[in-house]
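Everything below belongs to query_14.csv, which stores CSV, C-alpha atoms.
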chain,number,residue,atom,x,y,z
U,1,MET,CA,-83.9,-107.8,-101.1
U,2,ALA,CA,-84.9,-104.4,-102.4
U,3,ASN,CA,-84.5,-101.3,-100.3
U,4,ILE,CA,-87.5,-99.6,-101.6
U,5,THR,CA,-91.2,-100.5,-101.6
U,6,LEU,CA,-93.1,-102.3,-104.4
U,7,PHE,CA,-95.1,-99.1,-105.1
U,8,SER,CA,-91.9,-97.0,-105.4
U,9,GLN,CA,-90.5,-99.5,-107.9
U,10,ILE,CA,-93.8,-99.3,-109.9
U,11,ILE,CA,-93.7,-95.5,-109.9
U,12,SER,CA,-90.1,-95.6,-111.1
U,13,LYS,CA,-91.4,-97.2,-114.3
U,14,LEU,CA,-93.0,-93.9,-115.3
U,15,ASP,CA,-91.0,-91.5,-117.5
U,16,ARG,CA,-90.9,-88.4,-115.3
U,17,SER,CA,-89.0,-86.3,-117.8
U,18,LYS,CA,-91.9,-86.6,-120.3
U,19,PHE,CA,-94.3,-85.7,-117.5
U,20,SER,CA,-92.3,-82.6,-116.6
U,21,LYS,CA,-92.4,-81.5,-120.2
U,22,ILE,CA,-96.2,-81.7,-120.2
U,23,VAL,CA,-96.3,-79.9,-116.9
U,24,SER,CA,-94.2,-77.1,-118.4
U,25,LYS,CA,-96.3,-76.9,-121.5
U,26,LYS,CA,-99.5,-76.7,-119.6
U,27,GLN,CA,-98.1,-74.7,-116.7
U,28,SER,CA,-100.0,-77.0,-114.3
U,29,ASP,CA,-97.6,-76.1,-111.4
U,30,ARG,CA,-98.2,-72.4,-111.7
U,31,HIS,CA,-100.5,-72.3,-108.7
U,32,ASN,CA,-99.6,-75.6,-107.1
U,33,LYS,CA,-100.2,-74.5,-103.4
U,34,GLY,CA,-97.2,-76.7,-102.4
U,35,PHE,CA,-98.8,-79.8,-104.1
U,36,SER,CA,-97.0,-80.3,-107.4
U,37,SER,CA,-98.4,-82.1,-110.5
U,38,TRP,CA,-96.1,-85.0,-109.8
U,39,ASN,CA,-97.3,-85.3,-106.2
U,40,HIS,CA,-100.8,-85.2,-107.6
U,41,LEU,CA,-100.2,-88.0,-110.1
U,42,VAL,CA,-98.6,-90.2,-107.4
U,43,SER,CA,-101.4,-89.6,-105.0
U,44,MET,CA,-104.1,-90.5,-107.6
U,45,LEU,CA,-102.2,-93.6,-108.7
U,46,PHE,CA,-102.0,-94.6,-105.0
U,47,CYS,CA,-105.8,-94.1,-104.9
U,48,GLN,CA,-106.1,-96.6,-107.8
U,49,PHE,CA,-103.7,-99.2,-106.6
U,50,ALA,CA,-104.9,-99.1,-103.0
U,51,LYS,CA,-108.6,-98.5,-104.1
U,52,SER,CA,-108.8,-95.6,-101.6
U,53,GLN,CA,-112.4,-94.6,-101.0
U,54,SER,CA,-111.8,-90.9,-100.0
U,55,VAL,CA,-109.2,-88.2,-99.9
U,56,ARG,CA,-108.7,-89.1,-96.3
U,57,ASP,CA,-107.7,-92.6,-97.3
U,58,ILE,CA,-105.1,-91.2,-99.8
U,59,SER,CA,-103.6,-88.8,-97.3
U,60,ASN,CA,-103.5,-91.3,-94.4
U,61,GLY,CA,-102.3,-94.1,-96.7
U,62,LEU,CA,-99.3,-92.1,-98.0
U,63,ARG,CA,-98.6,-90.7,-94.5
U,64,SER,CA,-98.2,-94.3,-93.3
U,65,ALA,CA,-95.3,-94.8,-95.7
U,66,THR,CA,-93.2,-92.1,-94.0
U,67,GLY,CA,-89.5,-92.7,-94.8
U,68,ASN,CA,-90.4,-94.2,-98.2
U,69,LEU,CA,-92.0,-91.1,-99.8
U,70,ASN,CA,-88.7,-89.8,-101.2
U,71,HIS,CA,-88.5,-92.9,-103.4
U,72,LEU,CA,-91.8,-91.8,-104.9
U,73,GLY,CA,-90.4,-88.3,-105.7
U,74,ILE,CA,-92.5,-86.6,-103.1
U,75,ASN,CA,-91.4,-84.9,-99.8
U,76,LYS,CA,-94.4,-85.4,-97.6
U,77,ALA,CA,-97.9,-86.9,-97.7
U,78,PRO,CA,-100.5,-84.5,-99.1
U,79,SER,CA,-103.3,-83.1,-96.9
U,80,LYS,CA,-106.9,-83.9,-97.7
U,81,SER,CA,-107.6,-80.2,-98.6
U,82,SER,CA,-104.6,-80.2,-101.1
U,83,ILE,CA,-105.9,-83.2,-102.9
U,84,SER,CA,-109.5,-81.9,-103.1
U,85,TYR,CA,-108.4,-78.4,-104.2
U,86,GLN,CA,-106.2,-79.7,-107.0
U,87,ASN,CA,-108.7,-82.3,-108.2
U,88,LYS,CA,-111.1,-79.4,-108.7
U,89,ASN,CA,-108.6,-76.9,-110.2
U,90,ARG,CA,-105.8,-78.7,-112.0
U,91,SER,CA,-106.8,-79.6,-115.5
U,92,HIS,CA,-107.4,-83.3,-116.2
U,93,GLU,CA,-105.9,-82.7,-119.7
U,94,LEU,CA,-102.5,-83.1,-118.0
U,95,PHE,CA,-103.2,-86.7,-117.1
U,96,LYS,CA,-105.0,-87.4,-120.4
U,97,GLU,CA,-101.9,-86.3,-122.3
U,98,TYR,CA,-99.6,-88.2,-120.1
U,99,TYR,CA,-101.6,-91.4,-120.6
U,100,PHE,CA,-101.0,-91.2,-124.4
U,101,GLU,CA,-97.3,-90.4,-123.8
U,102,LEU,CA,-97.0,-93.6,-121.7
U,103,LEU,CA,-98.9,-95.6,-124.3
U,104,GLN,CA,-96.0,-94.8,-126.7
U,105,SER,CA,-93.5,-96.5,-124.3
U,106,LEU,CA,-95.2,-98.9,-121.9
U,107,GLY,CA,-97.8,-99.8,-124.5
U,108,GLN,CA,-95.3,-101.1,-127.0
U,109,HIS,CA,-94.3,-104.4,-125.3
U,110,PRO,CA,-93.7,-107.2,-127.8
U,111,LYS,CA,-96.2,-109.5,-125.9
U,112,PHE,CA,-99.0,-107.0,-126.7
U,113,LYS,CA,-98.8,-108.0,-130.4
U,114,GLN,CA,-101.5,-110.5,-131.4
U,115,VAL,CA,-101.2,-112.7,-134.4
U,116,LYS,CA,-104.7,-114.1,-134.6
U,117,PHE,CA,-105.4,-112.6,-138.0
U,118,ARG,CA,-103.3,-112.8,-141.1
U,119,ILE,CA,-104.6,-109.5,-142.4
U,120,LYS,CA,-102.1,-106.6,-142.4
U,121,SER,CA,-104.7,-104.0,-141.3
U,122,LYS,CA,-104.4,-102.5,-137.8
U,123,ILE,CA,-107.4,-103.6,-135.8
U,124,PHE,CA,-109.4,-101.3,-133.5
U,125,LEU,CA,-112.5,-102.2,-131.5
U,126,LEU,CA,-115.0,-99.4,-130.9
U,127,ASP,CA,-117.6,-99.3,-128.1
U,128,SER,CA,-118.7,-97.2,-125.1
U,129,THR,CA,-119.5,-97.7,-121.5
U,130,THR,CA,-121.7,-95.7,-119.1
U,131,ILE,CA,-120.3,-94.7,-115.7
U,132,SER,CA,-123.3,-93.9,-113.4
U,133,LEU,CA,-123.2,-90.9,-111.1
U,134,CYS,CA,-125.6,-89.6,-108.4
U,135,LEU,CA,-127.3,-86.6,-110.0
U,136,SER,CA,-127.8,-84.8,-106.6
U,137,LEU,CA,-124.0,-84.8,-106.1
U,138,PHE,CA,-122.8,-84.6,-109.8
U,139,ASP,CA,-125.4,-82.1,-111.1
U,140,TRP,CA,-123.3,-81.4,-114.2
U,141,ALA,CA,-123.6,-85.0,-115.4
U,142,LYS,CA,-127.0,-84.9,-117.1
U,143,TYR,CA,-128.4,-88.3,-118.2
U,144,LYS,CA,-131.9,-89.2,-117.0
U,145,ARG,CA,-134.4,-87.4,-114.9
U,146,ALA,CA,-133.1,-88.8,-111.6
U,147,LYS,CA,-129.8,-90.2,-112.7
U,148,GLY,CA,-126.4,-88.8,-113.8
U,149,ALA,CA,-123.7,-90.4,-115.9
U,150,VAL,CA,-120.7,-89.9,-118.2
U,151,LYS,CA,-120.1,-92.1,-121.2
U,152,MET,CA,-116.7,-93.3,-122.2
U,153,HIS,CA,-116.4,-93.8,-126.0
U,154,THR,CA,-113.4,-96.0,-126.4
U,155,LEU,CA,-111.3,-97.0,-129.5
U,156,LEU,CA,-109.4,-100.1,-128.3
U,157,ASP,CA,-106.2,-101.2,-130.0
U,158,PHE,CA,-106.6,-105.0,-130.5
U,159,ASP,CA,-102.8,-105.4,-129.8
U,160,GLY,CA,-102.6,-105.1,-126.0
U,161,ASN,CA,-106.3,-104.2,-125.6
U,162,LEU,CA,-105.5,-100.6,-124.5
U,163,PRO,CA,-107.4,-97.5,-125.5
U,164,ALA,CA,-105.9,-95.7,-128.6
U,165,TYR,CA,-108.5,-93.0,-128.2
U,166,ILE,CA,-111.1,-92.0,-125.6
U,167,ASN,CA,-113.8,-89.4,-125.8
U,168,ILE,CA,-115.7,-88.8,-122.5
U,169,THR,CA,-119.0,-87.2,-122.9
U,170,ASN,CA,-122.2,-86.7,-120.9
U,171,GLY,CA,-124.4,-89.8,-120.6
U,172,LYS,CA,-127.0,-88.6,-123.1
U,173,THR,CA,-124.5,-88.6,-126.1
U,174,ALA,CA,-125.4,-91.4,-128.5
U,175,ASP,CA,-122.7,-93.9,-129.3
U,176,ASN,CA,-122.4,-93.0,-132.9
U,177,LYS,CA,-122.3,-89.3,-132.2
U,178,GLY,CA,-119.4,-89.8,-129.8
U,179,ALA,CA,-117.4,-91.6,-132.6
U,180,TYR,CA,-117.2,-88.8,-135.1
U,181,GLU,CA,-114.1,-87.4,-133.6
U,182,ILE,CA,-112.0,-90.6,-133.4
U,183,PRO,CA,-108.7,-90.4,-135.2
U,184,LEU,CA,-108.7,-92.4,-138.5
U,185,LEU,CA,-105.6,-94.5,-139.5
U,186,LYS,CA,-105.5,-95.3,-143.2
U,187,GLY,CA,-105.8,-99.0,-144.0
U,188,SER,CA,-107.0,-99.9,-140.4
U,189,VAL,CA,-110.2,-101.7,-139.6
U,190,ILE,CA,-112.8,-100.6,-137.0
U,191,VAL,CA,-115.0,-103.3,-135.5
U,192,ALA,CA,-118.2,-102.1,-133.7
U,193,ASP,CA,-121.7,-103.1,-132.7
U,194,ARG,CA,-125.0,-102.0,-134.2
U,195,PHE,CA,-125.1,-98.7,-132.3
U,196,TYR,CA,-122.5,-97.5,-134.8
U,197,ASN,CA,-124.6,-98.4,-137.8
U,198,ASP,CA,-124.7,-94.7,-138.9
U,199,PHE,CA,-124.2,-94.4,-142.7
U,200,SER,CA,-122.9,-90.9,-142.5
U,201,LEU,CA,-120.2,-92.0,-140.1
U,202,LEU,CA,-119.4,-95.1,-142.2
U,203,ASN,CA,-119.1,-93.0,-145.3
U,204,ILE,CA,-116.6,-90.8,-143.5
U,205,TRP,CA,-114.6,-93.8,-142.6
U,206,ASP,CA,-114.7,-95.2,-146.1
U,207,SER,CA,-113.7,-91.9,-147.6
U,208,ASN,CA,-110.6,-92.0,-145.4
U,209,GLU,CA,-109.7,-95.5,-146.6
U,210,VAL,CA,-110.7,-97.1,-143.3
U,211,PHE,CA,-112.3,-100.5,-143.3
U,212,PHE,CA,-115.2,-101.3,-141.0
U,213,VAL,CA,-117.0,-104.4,-139.7
U,214,ILE,CA,-120.4,-103.4,-138.2
U,215,ARG,CA,-123.4,-105.4,-137.0
U,216,HIS,CA,-126.3,-104.0,-138.9
U,217,LYS,CA,-129.8,-103.2,-137.6
U,218,GLU,CA,-132.6,-105.7,-138.2
U,219,ASN,CA,-134.6,-103.2,-140.2
U,220,LEU,CA,-131.9,-102.6,-142.8
U,221,GLN,CA,-133.4,-102.3,-146.3
U,222,PHE,CA,-131.2,-103.4,-149.1
U,223,THR,CA,-131.1,-105.0,-152.5
U,224,THR,CA,-128.8,-108.0,-153.2
U,225,VAL,CA,-126.4,-107.4,-156.1
U,226,LYS,CA,-124.5,-110.6,-156.0
U,227,GLU,CA,-124.3,-113.7,-153.8
U,228,ASN,CA,-120.8,-115.0,-153.2
U,229,ASP,CA,-120.1,-118.8,-152.9
U,230,LEU,CA,-119.7,-120.2,-149.4
U,231,PRO,CA,-117.0,-122.6,-148.4
U,232,GLU,CA,-118.3,-126.2,-148.7
U,233,ASN,CA,-116.4,-128.2,-146.1
U,234,ARG,CA,-115.5,-125.6,-143.5
U,235,HIS,CA,-116.8,-122.6,-141.7
U,236,GLN,CA,-120.3,-124.0,-141.7
U,237,HIS,CA,-121.4,-121.1,-139.4
U,238,ILE,CA,-121.3,-118.7,-142.4
U,239,ILE,CA,-124.9,-118.5,-143.7
U,240,LYS,CA,-124.7,-115.7,-146.3
U,241,ASP,CA,-122.0,-113.7,-148.1
U,242,GLU,CA,-123.3,-111.1,-150.6
U,243,LEU,CA,-122.9,-107.7,-152.1
U,244,ILE,CA,-125.7,-105.3,-151.4
U,245,GLU,CA,-126.9,-101.8,-152.1
U,246,LEU,CA,-129.0,-99.8,-149.7
U,247,LYS,CA,-132.6,-99.5,-150.7
U,248,ASN,CA,-133.9,-96.8,-148.3
U,249,GLU,CA,-133.4,-93.3,-150.0
U,250,PRO,CA,-132.0,-91.4,-147.0
U,251,SER,CA,-129.5,-94.2,-146.2
U,252,LYS,CA,-128.5,-94.5,-149.9
U,253,ILE,CA,-127.8,-90.8,-150.1
U,254,LYS,CA,-125.6,-91.0,-147.0
U,255,TYR,CA,-123.8,-94.2,-148.3
U,256,PRO,CA,-124.2,-94.6,-152.1
U,257,LYS,CA,-121.6,-97.3,-152.5
U,258,GLN,CA,-122.0,-101.1,-152.4
U,259,LEU,CA,-121.5,-103.0,-149.1
U,260,ARG,CA,-120.7,-106.6,-148.3
U,261,ARG,CA,-123.1,-108.4,-146.0
U,262,VAL,CA,-122.1,-111.5,-144.1
U,263,ALA,CA,-124.6,-113.4,-142.0
U,264,VAL,CA,-123.2,-115.7,-139.3
U,265,TRP,CA,-124.8,-118.3,-137.0
U,266,ASN,CA,-123.8,-117.8,-133.4
U,267,GLU,CA,-124.1,-121.2,-131.7
U,268,GLU,CA,-123.4,-119.8,-128.2
U,269,ASN,CA,-126.4,-117.4,-128.3
U,270,GLY,CA,-128.5,-119.3,-130.8
U,271,GLN,CA,-129.0,-116.4,-133.1
U,272,VAL,CA,-127.9,-115.0,-136.5
U,273,ILE,CA,-125.3,-112.1,-136.5
U,274,GLU,CA,-125.7,-109.9,-139.5
U,275,LEU,CA,-122.6,-107.8,-140.5
U,276,ILE,CA,-121.8,-105.2,-143.1
U,277,THR,CA,-118.4,-104.2,-144.2
U,278,ASN,CA,-116.6,-102.3,-147.0
U,279,GLN,CA,-113.9,-104.9,-147.2
U,280,PHE,CA,-114.6,-107.2,-150.2
U,281,HIS,CA,-111.5,-109.4,-150.3
U,282,TRP,CA,-111.2,-111.0,-146.8
U,283,SER,CA,-112.8,-114.4,-146.3
U,284,PRO,CA,-116.2,-114.4,-144.6
U,285,ASN,CA,-114.7,-116.3,-141.7
U,286,THR,CA,-112.2,-113.5,-141.2
U,287,ILE,CA,-115.1,-111.0,-141.1
U,288,SER,CA,-116.9,-113.2,-138.6
U,289,GLU,CA,-113.8,-113.6,-136.3
U,290,LEU,CA,-113.1,-109.9,-136.4
U,291,TYR,CA,-116.6,-109.2,-135.1
U,292,LYS,CA,-116.1,-111.9,-132.5
U,293,SER,CA,-113.0,-110.2,-131.2
U,294,ARG,CA,-115.1,-107.1,-130.4
U,295,TRP,CA,-115.8,-108.7,-127.0
U,296,GLN,CA,-112.3,-107.7,-126.0
U,297,VAL,CA,-113.5,-104.2,-125.4
U,298,GLU,CA,-116.3,-105.5,-123.1
U,299,ILE,CA,-113.6,-107.3,-121.1
U,300,PHE,CA,-111.6,-104.1,-120.9
U,301,PHE,CA,-114.6,-102.2,-119.5
U,302,ARG,CA,-115.3,-105.0,-117.0
U,303,ASP,CA,-111.6,-104.9,-115.9
U,304,ILE,CA,-111.5,-101.1,-115.3
U,305,LYS,CA,-114.8,-101.1,-113.4
U,306,GLN,CA,-114.2,-104.2,-111.3
U,307,LEU,CA,-110.4,-103.9,-110.6
U,308,LEU,CA,-109.9,-100.1,-110.4
U,309,HIS,CA,-111.6,-97.2,-108.7
U,310,ILE,CA,-114.1,-95.6,-111.1
U,311,LYS,CA,-117.4,-96.7,-109.8
U,312,SER,CA,-117.3,-94.2,-107.0
U,313,PHE,CA,-115.5,-90.9,-106.9
U,314,ILE,CA,-113.5,-89.0,-104.3
U,315,GLY,CA,-114.5,-85.6,-105.8
U,316,THR,CA,-117.8,-84.3,-107.2
U,317,SER,CA,-116.6,-81.7,-109.8
U,318,GLU,CA,-116.4,-82.7,-113.5
U,319,ASN,CA,-112.6,-82.2,-113.4
U,320,ALA,CA,-112.1,-84.4,-110.4
U,321,VAL,CA,-114.1,-87.2,-112.1
U,322,MET,CA,-112.1,-86.9,-115.3
U,323,ILE,CA,-108.8,-87.0,-113.3
U,324,GLN,CA,-109.9,-90.2,-111.5
U,325,ILE,CA,-110.8,-91.8,-114.9
U,326,TRP,CA,-107.6,-90.9,-116.6
U,327,THR,CA,-105.4,-92.0,-113.7
U,328,ALA,CA,-107.4,-95.3,-113.7
U,329,LEU,CA,-106.4,-95.7,-117.4
U,330,ILE,CA,-102.8,-94.9,-116.6
U,331,THR,CA,-103.0,-97.6,-113.9
U,332,ILE,CA,-104.4,-100.3,-116.2
U,333,LEU,CA,-101.6,-99.4,-118.7
U,334,ILE,CA,-99.0,-99.9,-115.9
U,335,LEU,CA,-100.6,-103.2,-114.8
U,336,LYS,CA,-100.7,-104.6,-118.4
U,337,ALA,CA,-97.0,-103.6,-118.9
U,338,LEU,CA,-96.1,-105.4,-115.6
U,339,LYS,CA,-98.1,-108.5,-116.6
U,340,ALA,CA,-96.3,-108.5,-120.0
U,341,GLN,CA,-92.8,-108.3,-118.6
U,342,SER,CA,-93.5,-111.1,-116.0
U,343,LYS,CA,-92.5,-114.7,-116.5
U,344,PHE,CA,-95.4,-115.8,-114.3
U,345,ASP,CA,-98.8,-116.2,-116.0
U,346,TRP,CA,-100.8,-113.6,-114.0
U,347,TYR,CA,-104.5,-113.0,-114.3
U,348,LEU,CA,-105.0,-109.3,-114.2
U,349,SER,CA,-107.3,-109.5,-111.2
U,350,ASN,CA,-104.8,-111.5,-109.2
U,351,LEU,CA,-102.0,-109.1,-110.1
U,352,VAL,CA,-104.1,-106.1,-108.9
U,353,ALA,CA,-105.0,-107.9,-105.6
U,354,PHE,CA,-101.4,-109.0,-104.9
U,355,ILE,CA,-100.0,-105.5,-105.5
U,356,ARG,CA,-102.7,-104.0,-103.3
U,357,LEU,CA,-101.7,-106.3,-100.5
U,358,ASN,CA,-97.9,-105.6,-100.9
U,359,LEU,CA,-97.8,-101.9,-101.9
U,360,PHE,CA,-95.4,-100.9,-99.1
U,361,VAL,CA,-93.5,-104.2,-98.8
U,362,LYS,CA,-89.8,-103.9,-99.7
U,363,ILE,CA,-89.3,-106.6,-102.2
U,364,ASP,CA,-87.6,-106.8,-105.7
U,365,LEU,CA,-90.4,-106.1,-108.2
U,366,GLN,CA,-89.1,-108.2,-111.1
U,367,LYS,CA,-88.3,-111.2,-108.9
U,368,TRP,CA,-91.7,-110.9,-107.3
U,369,LEU,CA,-93.5,-110.6,-110.6
U,370,ASN,CA,-91.7,-113.7,-111.9
U,371,LYS,CA,-92.0,-115.9,-108.8
U,372,PRO,CA,-94.8,-114.4,-106.5
U,373,PHE,CA,-95.1,-117.4,-104.3
U,374,GLU,CA,-91.4,-117.8,-103.4
U,375,GLU,CA,-89.9,-116.1,-100.4
U,376,HIS,CA,-87.5,-113.4,-101.6
U,377,ILE,CA,-85.7,-113.0,-98.3
U,378,GLU,CA,-81.9,-113.0,-98.1
U,379,PRO,CA,-80.5,-115.3,-95.5
U,380,PRO,CA,-79.0,-113.6,-92.5
U,381,PRO,CA,-75.2,-113.7,-92.3
U,382,GLU,CA,-73.8,-116.6,-90.3
U,383,ASN,CA,-72.5,-115.7,-86.8
U,384,ILE,CA,-68.9,-116.7,-86.5
U,385,GLN,CA,-67.6,-117.2,-82.9
U,386,GLY,CA,-64.5,-115.1,-82.4
U,387,VAL,CA,-61.4,-116.4,-80.6
U,388,LEU,CA,-61.4,-115.1,-77.0
U,389,PHE,CA,-57.7,-115.9,-76.2

Whole structure, structure tokens version:
Amino acid sequence: MANITLFSQIISKLDRSKFSKIVSKKQSDRHNKGFSSWNHLVSMLFCQFAKSQSVRDISNGLRSATGNLNHLGINKAPSKSSISYQNKNRSHELFKEYYFELLQSLGQHPKFKQVKFRIKSKIFLLDSTTISLCLSLFDWAKYKRAKGAVKMHTLLDFDGNLPAYINITNGKTADNKGAYEIPLLKGSVIVADRFYNDFSLLNIWDSNEVFFVIRHKENLQFTTVKENDLPENRHQHIIKDELIELKNEPSKIKYPKQLRRVAVWNEENGQVIELITNQFHWSPNTISELYKSRWQVEIFFRDIKQLLHIKSFIGTSENAVMIQIWTALITILILKALKAQSKFDWYLSNLVAFIRLNLFVKIDLQKWLNKPFEEHIEPPPENIQGVLF
């Protein structure tokens, strides 16, 4: 049986030396007021794992683990004022940078590699989600007249379904405008919905030798250059496969090259899905399946909103909101790494719930992950009657 809590063993999975390097680089402990960056990280991860609703919950929750805090690398439970102060003043860039550091280690598990497609290109799924905020409390988060929001523009790595890039903007920023800054990997493919049907953006991607599969808008004006033959005895859902040129003058100036258009019948929704791509060699079914895989990013958004703590916030400043979002992303990365290294077939929702119930239970993490429904209690030593005479 383990001598430290489940939460302590989870925290031990984090590379503290890399975190310390980032702290030194950003000098985030310069005015720490007795509440270091590491204490801050642990407190906000506790907020996510325990789904704490306030700074009081975080403070009291960690205080209840007295005697086990040293295993977390902290000396004492933080006060409410310390958490609030640092959430407002310690830059969220610290946690953002640490997420991407962890992605290089925890996010490289062999189980994350998906082999659904035979193509060699790295696959990225692009979409955004809106996180609603109360405008009277979060007056910096301009969105609508009586509503506040931030928008999380996410480039999801198909392998592991974890964000390779995130751009958090105000709620008013259009999806395509939030995508101009995403890093481009030569030879990769970006899959996105019709909100990214921006020909200036697509031209930038094409110029950087990045493929794309985008659902085009219904009012797209084009001229058919050539119709490709469709497979006769399979993939009957493929309706059209053709080479096109844009007809509308402004669009043609923005994207002067030819495009490939693939129309697919979606049986589930009873509608035709019309796609454009700059990849002319893959089969039309591969193009269709790539777009279908885009729903993985919707599942990712659902998971972080339902399973973690980003629908309500413990601080009202922009920095506090950003810290809570980035620590939620660190948490989902840890959870997926735990799920990958487990022999038990966990649903992510069950794993989150079970960890939440057992945060301060002293049990071996790996044994518990592999066999969660078995008792991991060592039998007491047998009492041997001594000889009296």

Q) Please, which residues are within 8 Å of (-109.0, -114.3, -136.6) by the file's coordinates, counting all atoms listed in the file, and could they come as a list in words? A) Lys116, Phe117, Arg118, Asn285, Thr286, Glu289, Leu290 and Ser293 of chain U

Q: Tell me, in Å to one decimal, how far atom CA of U:Lys247 is from atom CA of U:Arg194.
A: 18.3 Å

**Q.** Contact residues around U:His235 with all atoms listed in the file at 12 Å, ignoring same-chain residues under 3 positions, as JSON, numbers by chain
**A.** {"U": [230, 231, 232, 238, 239, 240, 264, 265, 266, 283, 284, 285, 286, 287, 288, 289]}

Q. Contacts of U:Phe100 at 12 Å or less, counting only C-alpha atoms, minus same-chain residues fewer than 5 places along, as a ChimeraX atom specification?
A. /U:18-19,22,93-95,105-108,162-166,326-327,329-330,333

Q: Please measure the separation of atom CA of U:Arg261 and atom CA of U:Tyr291, giving the value in Å to one decimal.
A: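 If I compute the distance from atom CA of U:Arg261 to atom CA of U:Tyr291, I get 12.7 Å.
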
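Shell of stretch 54-70 of chain U at 9 Å, with all atoms listed in the file counted and residues fewer than 2 places along the chain excluded, is U:Ile4, U:Thr5, U:Ser8, U:Ser43, U:Met44, U:Phe46, U:Cys47, U:Ala50, U:Ser52, U:Leu72, U:Gly73, U:Ile74, U:Asn75, U:Lys76, U:Ala77, U:Pro78, U:Ser79, U:Lys80, U:Ser81, U:Ile83, U:Ser84, U:Phe313, U:Ile314, U:Gly315, U:Phe360.
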
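You will find atom CA of U:Phe301 at 20.7 Å from atom CA of U:Tyr180.
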
Q: Would you list the residues near (-110.1, -98.7, -126.1) (no more than 12 Å away, in the coordinates of the file, using all atoms listed in the file) as a PyMOL selection string?
A: chain U and resi 100+103+123-129+152-168+182+190-192+294-301+304+329+332-333

Q: Find the residue from U:Gln271, U:Thr173, U:Ser121, U:Ser312 that sits nearest to U:Glu209; use all atoms listed in the file when measuring.
A: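 Residue with the minimum atom-to-atom distance to U:Glu209: U:Ser121.
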
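Distance check against U:Leu365 using all atoms listed in the file: of U:Tyr196, U:Tyr98, U:Phe7, U:Phe112, the minimum falls on U:Phe7.
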
Q.
Considering only C-alpha atoms, can you say which of U:Ser24, U:Asn319, U:Gln48, U:Gln221 comes closest to U:Ile334?
A.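 Residue with the minimum atom-to-atom distance to U:Ile334: U:Gln48.
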
**Q.** Near-U:Glu242 list (12 Å; all atoms listed in the file; drop same-chain fewer than 3 positions) as JSON, numbers by chain
**A.** {"U": [222, 223, 224, 225, 226, 227, 228, 229, 230, 238, 239, 245, 258, 259, 260, 261, 262, 263, 274, 275, 276, 277, 278, 279, 280, 281, 283, 284]}

Q.
Using only C-alpha atoms for the distances, tell me which of U:Ser349, U:Ser132, U:Thr331, U:Asn208 is nearest to U:Leu307.
A.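 Ranked by minimum distance to U:Leu307, first place goes to U:Ser349.
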